[in-house]
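Inspection log for the structure reproduced underneath, given as structure tokens.
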Amino acid sequence: MTLHVWLALDTPASAWADQNTDMQIRELEAAGCERICKDQGISGSRASRPELDRMLDRLGPGDEVVVWKLDRLGRNTRHLLGLLDDFKARGIKFRSLRDGIATDPASEVGGAMAQAIITIISAFAQLERDQLSERTKAGMAAAAAKGRNAGRREITIDHEKVKKAHELKTRGLKPGDIGKIIGASRATVYRYLGMDS
């Protein structure tokens with residue numbers, strides 16, 4: 001069975017936001033979406049979004065993720081591309097209604113054009129990574145010139161969040177739930193749990 005899913009990130013602060021969300025839902029239903037998931041009132045920049053996390057856990061080969069627009073799904077370009085790569089690896093189709101992109105070659109908007117658009121997005125993501133790296137190196141050089149150490153402090157097994165993650169794991173909680181409690185992404189929780197005591 002194909003599972004159609006949508007993630008809404010709008011925070012309704014006005015009647016227009018409510019109307020905009022209603023419009024998106026109508027368009028998704030018209031596109032045949034069977035299940036609509038939305039993280040309403042949660043910033044798209046947050047690492048953890050409960051409905052997105054639940055959706056990702058439920059998806060399987062042959063399912064299709066449908067979004068109203070690309071910016072409804074990814075926190076940023078890199079996150080979006082990571083999700084698209086994950087969908088491809090797991091045999092999950094993807095479609096963006098307003099952007100006219102579909103990863104299923106059999107669809108009328110899929111195939112070579114969709115792949116070209118994803119390649120362009122990837123190029124911009126790489127540019128973003130390179131620029132961030134250059135800024136970081138420049139900042140570290142400036143800090144070193146002033147005699148300061150730059151960069152994050154190393155997190156060890158004695159860090160409060162690491163201890164809490166281990167404690168919650170012994171209580172039987174899953175990494176996604178641990179992350180919500182301690183305010184860390186699932187990847188960070190796995191890193192914390194991988195630290196030996």
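Just remember, in the structure tokens the first chain shown is A, the second B, etc., residues are 1-based per chain, and ligands are 1-based in the order shown.
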Where in stretch 43-82 of chain A does DSSP assign strand (DSSP E or B), given as number ranges by chain? A: 64-67
Requested write-out: all heavy atoms of the selected residues, as a PDB file, in the first residue's frame:
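The file below, result-v1.pdb, is the result:
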ATOM      1  N   GLU A  64       5.090   6.252  -0.539  1.00  0.00           N
ATOM      2  CA  GLU A  64       5.397   7.524  -1.185  1.00  0.00           C
ATOM      3  C   GLU A  64       5.163   8.661  -0.205  1.00  0.00           C
ATOM      4  O   GLU A  64       4.127   8.707   0.456  1.00  0.00           O
ATOM      5  CB  GLU A  64       4.527   7.729  -2.425  1.00  0.00           C
ATOM      6  CG  GLU A  64       4.828   9.030  -3.149  1.00  0.00           C
ATOM      7  CD  GLU A  64       4.000   9.213  -4.410  1.00  0.00           C
ATOM      8  OE1 GLU A  64       2.880   8.669  -4.477  1.00  0.00           O
ATOM      9  OE2 GLU A  64       4.482   9.905  -5.330  1.00  0.00           O
ATOM     10  N   VAL A  65       6.132   9.549  -0.116  1.00  0.00           N
ATOM     11  CA  VAL A  65       6.002  10.756   0.698  1.00  0.00           C
ATOM     12  C   VAL A  65       5.638  11.892  -0.245  1.00  0.00           C
ATOM     13  O   VAL A  65       6.334  12.143  -1.232  1.00  0.00           O
ATOM     14  CB  VAL A  65       7.322  11.084   1.438  1.00  0.00           C
ATOM     15  CG1 VAL A  65       7.194  12.414   2.175  1.00  0.00           C
ATOM     16  CG2 VAL A  65       7.690   9.977   2.397  1.00  0.00           C
ATOM     17  N   VAL A  66       4.533  12.553   0.044  1.00  0.00           N
ATOM     18  CA  VAL A  66       4.081  13.673  -0.779  1.00  0.00           C
ATOM     19  C   VAL A  66       4.090  14.918   0.095  1.00  0.00           C
ATOM     20  O   VAL A  66       3.547  14.908   1.194  1.00  0.00           O
ATOM     21  CB  VAL A  66       2.644  13.432  -1.315  1.00  0.00           C
ATOM     22  CG1 VAL A  66       2.180  14.614  -2.160  1.00  0.00           C
ATOM     23  CG2 VAL A  66       2.585  12.150  -2.127  1.00  0.00           C
ATOM     24  N   VAL A  67       4.719  15.982  -0.382  1.00  0.00           N
ATOM     25  CA  VAL A  67       4.718  17.249   0.340  1.00  0.00           C
ATOM     26  C   VAL A  67       4.119  18.325  -0.557  1.00  0.00           C
ATOM     27  O   VAL A  67       4.141  18.211  -1.783  1.00  0.00           O
ATOM     28  CB  VAL A  67       6.131  17.671   0.810  1.00  0.00           C
ATOM     29  CG1 VAL A  67       6.692  16.678   1.809  1.00  0.00           C
ATOM     30  CG2 VAL A  67       7.087  17.845  -0.360  1.00  0.00           C
TER      31      VAL A  67
END
What is the atom CA of A:Cys33 to atom CA of A:Asn76 distance in Å? 24.3 Å
Long-range neighbours of A:Ala89 as a PyMOL selection string, 12 Å cut-off, only C-alpha atoms, 6 positions minimum in chain: chain A and resi 60-62+82-83
If you keep all heavy atoms, can you produce a file of those selected residues as a CSV table (one decimal), in the first residue's frame?
chain,number,residue,atom,x,y,z
A,60,GLY,N,8.0,2.3,4.5
A,60,GLY,CA,8.7,1.1,4.0
A,60,GLY,C,8.7,1.2,2.5
A,60,GLY,O,8.2,2.1,1.8
A,61,PRO,N,9.4,0.2,1.9
A,61,PRO,CA,9.5,0.1,0.4
A,61,PRO,C,8.2,0.2,-0.3
A,61,PRO,O,7.2,-0.4,0.2
A,61,PRO,CB,10.2,-1.3,0.2
A,61,PRO,CG,10.9,-1.6,1.5
A,61,PRO,CD,10.0,-1.0,2.6
A,62,GLY,N,8.1,1.0,-1.3
A,62,GLY,CA,6.9,1.2,-2.1
A,62,GLY,C,6.0,2.3,-1.6
A,62,GLY,O,5.1,2.8,-2.3
A,82,GLY,N,19.5,14.7,2.7
A,82,GLY,CA,19.7,13.5,3.5
A,82,GLY,C,18.5,12.6,3.5
A,82,GLY,O,18.5,11.4,3.4
A,83,LEU,N,17.3,13.3,3.6
A,83,LEU,CA,16.0,12.6,3.6
A,83,LEU,C,15.8,11.9,2.3
A,83,LEU,O,15.4,10.8,2.2
A,83,LEU,CB,14.9,13.5,4.0
A,83,LEU,CG,14.8,13.9,5.5
A,83,LEU,CD1,13.8,15.0,5.6
A,83,LEU,CD2,14.5,12.7,6.3
Write out as a list in words each polymer residue whose atoms come within 12 Å of stretch 162-171 of chain A, counting only C-alpha atoms; drop sequence neighbours fewer than 6 positions from it. Glu154, Ile155, Thr156, Asp177, Ile178, Gly179, Lys180, Ile181, Ile182, Gly183, Ala184, Ser185, Arg186, Thr188, Val189, Tyr190, Arg191, Tyr192, Leu193, Gly194, Met195, Asp196 and Ser197 of chain A
Closest atom pairs, stretch 116-187 of chain A residues within 10 Å of stretch 98-104 of chain A, only C-alpha atoms, as CSV:
residue,atom,partner,partner_atom,distance
A:Ala116,CA,A:Ile101,CA,9.9
A:Ile117,CA,A:Ile101,CA,7.8
A:Ile118,CA,A:Ile101,CA,8.6
Let's have the selection written as a PDB file, in the first residue's frame, with N, CA and C atoms.
ATOM      1  N   ALA A 116      17.619  16.114 -12.292  1.00  0.00           N
ATOM      2  CA  ALA A 116      18.425  17.308 -12.552  1.00  0.00           C
ATOM      3  C   ALA A 116      18.195  18.359 -11.470  1.00  0.00           C
ATOM      4  N   ILE A 117      16.935  18.534 -11.055  1.00  0.00           N
ATOM      5  CA  ILE A 117      16.619  19.515 -10.007  1.00  0.00           C
ATOM      6  C   ILE A 117      17.278  19.102  -8.694  1.00  0.00           C
ATOM      7  N   ILE A 118      17.215  17.815  -8.361  1.00  0.00           N
ATOM      8  CA  ILE A 118      17.840  17.328  -7.128  1.00  0.00           C
ATOM      9  C   ILE A 118      19.350  17.520  -7.192  1.00  0.00           C
TER      10      ILE A 118
END
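Atom to atom, atom CA of A:Met23 and atom CA of A:Arg35 stand 16.0 Å apart.
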